[in-house]
Amino acid sequence: MFFKSKLLKNTMPINAHPDFLAAEKEYNLAEGLEEKLEKLKKMISCSPGHKGAENLRQQLTTRRKKLESQIIKAKKSGKKGKLGIKKQDMQAVIVGKTNTGKSSLIKLLTNANPKISEFKFTTKEPAIGMMSYLGTQTQLIENPAILSEIYNKGLTNSADTILILITELNQIEEILPLLKKSQAKRIIIFNNFKKTKEELRKIKATLKSKKYDYIIINLATLPTLEELKEKIFQSFTNIRIFTKEPGKEKSPKPVIMKPGSTVKDVAEKILKGFSKNVKQTKIWGPSSKFSGQTIGLKHILKDLDVIEFKTR
């Protein structure tokens with residue numbers, strides 16, 4: 001069996017034992033610096049001992065020293081070695097293999113401006129952007145290439161929606177097993193890269209037969225992606241609640257709430273303690289019996305409700 005390690009800088013194949021291949025897979029899936037160091041040591045213990053693998057052993061040792069140094073620095077600074085990202089009300093994470101168009105996708109959907117290149121593994125850390133749609137803001141994050149050393153599993157596992165960007169159907173079966181810990185909704189985005197009409201017909205038929213939530217796009221044509229934005233937006237269960245002051249129009253931007261939220265929940269999200277100053281509340285929209293109905297703080301809201309607060 002011939003094997004080229006992902007850590008090797010040259011392209012010379014080496015005859016590697018299956019234990020080494022398994023150890024490297026564990027290393028690539030490891031989360032956190034200390035876990036990676038543990039798996040890397042296992043790789044070193046399983047690495048080939050013949051002369052042709054000297055370069056590999058040297059690179060593994062260099063990687064071990066670097067990880068040990070990072071762990072020491074992290075402990076001194078009190079950090080865990082991971083990028084801290086404050087999660088917004090609606091968050092979707094883009095995952096996929098290298099060179100599938102993740103950076104192009106987040107650039108088209110949001111205000112982010114990631115580095116885009118034809119070279120592999122260009123994204124070195126998560127890129128963050130905000131997608132505007134129907135007055136709402138969705139936080140989109142491009143995760144570095146899945147299976148790369150810098151892929152952030154925790155970020156994917158905590159997302160509300162996962163956008164799986166692929167250029168070939170077989171990539172789905174490679175990626176899905178790596179998302180087992182995530183409870184997020186999943187959208188398959190097939191980036192149509194030089195496919196014929198017949199190939200696209202077969203791809204569409206396969207995705208439909210598997211009952212995936214999917215969309216086929218071509219990022220090279222710089223589309224507006226309105227259909228994709230709608231699909232992403234619909235993946236969230238959140239509700240939009242608009243507020244208004246007496247005698248004025250409703251606010252242009254809604255307050256994003258969880259299903260089952262009450263009037264009091266909205267007031268407290270606007271400002272902690274605000275509900276105690278509310279004298280009267282009126283409502284317009286799906287949860288009201290009639291326009292301008294007077295309701296209490298325990299009233300359960302529905303999507304697109306408009307509430308008016310009168311304070312003491």
# chains A, B, ... in the order shown; residues from 1 in each chain; ligands from 1
>>> residues_around(residues="Asn143 (chain A)", least_positions_apart="2", cutoff="8 Å", atoms="only C-alpha atoms", output="PyMOL selection string")
chain A and resi 93-95+125-127+141+145-146+151-152+155-156
>>> select_by_dssp(residues="region 60-290 of chain A", states="strand (DSSP E)", output="ChimeraX atom specification")
/A:91-95,127-133,136-142,161-166,185-191,214-217,239-244,255-257,278-284
>>> write_last_selection(atoms="C-alpha atoms", output="compact mmCIF listing (two decimals), in the first residue's frame")
# COMPACT_ATOMS: atom_id res chain seq x y z
CA GLN A 91 -25.93 31.13 12.37
CA ALA A 92 -25.03 28.99 9.38
CA VAL A 93 -21.60 27.42 8.81
CA ILE A 94 -20.21 26.57 5.38
CA VAL A 95 -18.28 23.30 5.24
CA ALA A 127 -14.25 33.83 7.84
CA ILE A 128 -17.31 35.61 9.21
CA GLY A 129 -19.95 37.64 7.39
CA MET A 130 -23.57 38.79 7.82
CA MET A 131 -26.22 37.87 5.25
CA SER A 132 -29.07 40.37 4.93
CA TYR A 133 -32.46 38.96 4.00
CA THR A 136 -32.89 39.97 9.16
CA GLN A 137 -29.18 39.33 9.65
CA THR A 138 -27.82 35.78 9.49
CA GLN A 139 -24.28 35.08 10.64
CA LEU A 140 -22.47 33.01 8.02
CA ILE A 141 -19.12 31.41 8.77
CA GLU A 142 -16.76 29.74 6.35
CA THR A 161 -27.63 25.30 9.87
CA ILE A 162 -24.79 23.64 7.95
CA LEU A 163 -24.22 24.51 4.30
CA ILE A 164 -22.41 21.56 2.71
CA LEU A 165 -20.70 22.88 -0.41
CA ILE A 166 -19.67 20.21 -2.92
CA LYS A 185 -30.29 21.39 9.58
CA ARG A 186 -28.27 20.62 6.45
CA ILE A 187 -28.42 22.12 3.00
CA ILE A 188 -26.46 20.54 0.15
CA ILE A 189 -25.12 23.19 -2.22
CA PHE A 190 -23.81 21.69 -5.45
CA ASN A 191 -21.40 24.11 -7.12
CA TYR A 214 -30.37 20.88 -1.94
CA ILE A 215 -29.74 23.57 -4.50
CA ILE A 216 -27.54 23.60 -7.62
CA ILE A 217 -25.68 26.82 -8.38
CA ILE A 239 -39.71 34.07 14.53
CA ARG A 240 -39.52 37.77 13.59
CA ILE A 241 -41.21 40.24 15.93
CA PHE A 242 -41.50 43.92 15.00
CA THR A 243 -41.93 46.63 17.59
CA LYS A 244 -43.48 50.08 17.33
CA VAL A 255 -36.32 41.22 16.91
CA ILE A 256 -35.35 37.57 16.36
CA MET A 257 -36.93 35.23 18.91
CA VAL A 278 -44.49 48.16 30.47
CA LYS A 279 -47.96 49.61 31.22
CA GLN A 280 -49.84 48.29 28.20
CA THR A 281 -49.13 46.21 25.10
CA LYS A 282 -51.05 46.09 21.83
CA ILE A 283 -50.54 43.65 19.00
CA TRP A 284 -51.11 43.35 15.26
>>> closest_residue(among="A:Gly296, A:Glu168, A:Pro223, A:Asp265", to="Leu109 (chain A)", atoms="only C-alpha atoms")
A:Pro223
>>> residues_around(residues="Ala22 (chain A)", least_positions_apart="4", cutoff="10 Å", atoms="only C-alpha atoms", output="list in words")
His17, Pro18, Glu26, Tyr27, Lys42, Met43 and Cys46 of chain A
>>> write_last_selection(atoms="C-alpha atoms", output="PDB file, in the first residue's frame")
ATOM      1  CA  HIS A  17       1.304   0.459   7.595  1.00  0.00           C
ATOM      2  CA  PRO A  18      -2.523   0.627   7.991  1.00  0.00           C
ATOM      3  CA  GLU A  26      -7.538  10.253  14.130  1.00  0.00           C
ATOM      4  CA  TYR A  27      -5.090  13.163  14.107  1.00  0.00           C
ATOM      5  CA  LYS A  42       0.544   7.854  17.999  1.00  0.00           C
ATOM      6  CA  MET A  43       1.373   8.642  14.356  1.00  0.00           C
ATOM      7  CA  CYS A  46       3.383   3.970  13.926  1.00  0.00           C
TER       8      CYS A  46
END
>>> closest_residue(among="A:Pro259, A:Leu134, A:Ser288, A:Gly247", to="Glu226 (chain A)", atoms="only C-alpha atoms")
A:Leu134
>>> residues_around(residues="Leu301 (chain A)", least_positions_apart="6", cutoff="6 Å", atoms="only C-alpha atoms", output="number ranges by chain")
A: 261-262, 287
>>> atom_distance(atom1="CA of Phe193 (chain A)", atom2="CA of Asn99 (chain A)")
11.1 Å
>>> residues_around(residues="Ile44 (chain A)", least_positions_apart="6", cutoff="10 Å", atoms="only C-alpha atoms", output="list in words")
Phe20, Ala23, Glu24, Leu56, Arg57, Gln58, Gln59, Leu60, Thr61 and Arg64 of chain A
>>> write_last_selection(atoms="N, CA and C atoms", output="tab-separated table (two decimals), in the first residue's frame")
chain	number	residue	atom	x	y	z
A	20	PHE	N	-0.66	3.33	10.70
A	20	PHE	CA	-0.25	4.72	10.51
A	20	PHE	C	-1.37	5.51	9.84
A	23	ALA	N	-3.97	6.21	12.37
A	23	ALA	CA	-3.51	7.22	13.33
A	23	ALA	C	-3.61	8.62	12.74
A	24	GLU	N	-3.27	8.73	11.43
A	24	GLU	CA	-3.35	10.05	10.81
A	24	GLU	C	-4.79	10.52	10.70
A	56	LEU	N	9.42	12.10	6.35
A	56	LEU	CA	8.17	12.07	7.07
A	56	LEU	C	8.40	12.13	8.58
A	57	ARG	N	9.32	11.31	9.08
A	57	ARG	CA	9.59	11.29	10.52
A	57	ARG	C	10.09	12.65	11.01
A	58	GLN	N	10.90	13.29	10.19
A	58	GLN	CA	11.42	14.60	10.56
A	58	GLN	C	10.29	15.64	10.63
A	59	GLN	N	9.38	15.59	9.66
A	59	GLN	CA	8.27	16.55	9.66
A	59	GLN	C	7.30	16.29	10.81
A	60	LEU	N	7.11	15.02	11.14
A	60	LEU	CA	6.25	14.69	12.27
A	60	LEU	C	6.85	15.21	13.58
A	61	THR	N	8.15	15.07	13.73
A	61	THR	CA	8.83	15.56	14.92
A	61	THR	C	8.74	17.08	15.02
A	64	ARG	N	5.33	17.95	16.14
A	64	ARG	CA	5.16	17.67	17.56
A	64	ARG	C	5.73	18.81	18.41
>>> residues_around(residues="Lys276 (chain A)", least_positions_apart="3", cutoff="12 Å", atoms="only C-alpha atoms", output="list of chain:residue names")
A:Val263, A:Lys264, A:Asp265, A:Ala267, A:Glu268, A:Leu271, A:Lys272, A:Gly273, A:Lys279, A:Gln280, A:Leu297, A:Phe309, A:Lys310, A:Thr311, A:Arg312
>>> closest_residue(among="A:Pro246, A:Leu40, A:Gln88, A:Ser45", to="Lys65 (chain A)", atoms="only C-alpha atoms")
A:Leu40
>>> closest_residue(among="A:Glu68, A:Thr167, A:Glu308, A:Phe233", to="Gly292 (chain A)", atoms="only C-alpha atoms")
A:Glu308
>>> atom_distance(atom1="CA of Thr110 (chain A)", atom2="CA of Thr196 (chain A)")
29.0 Å
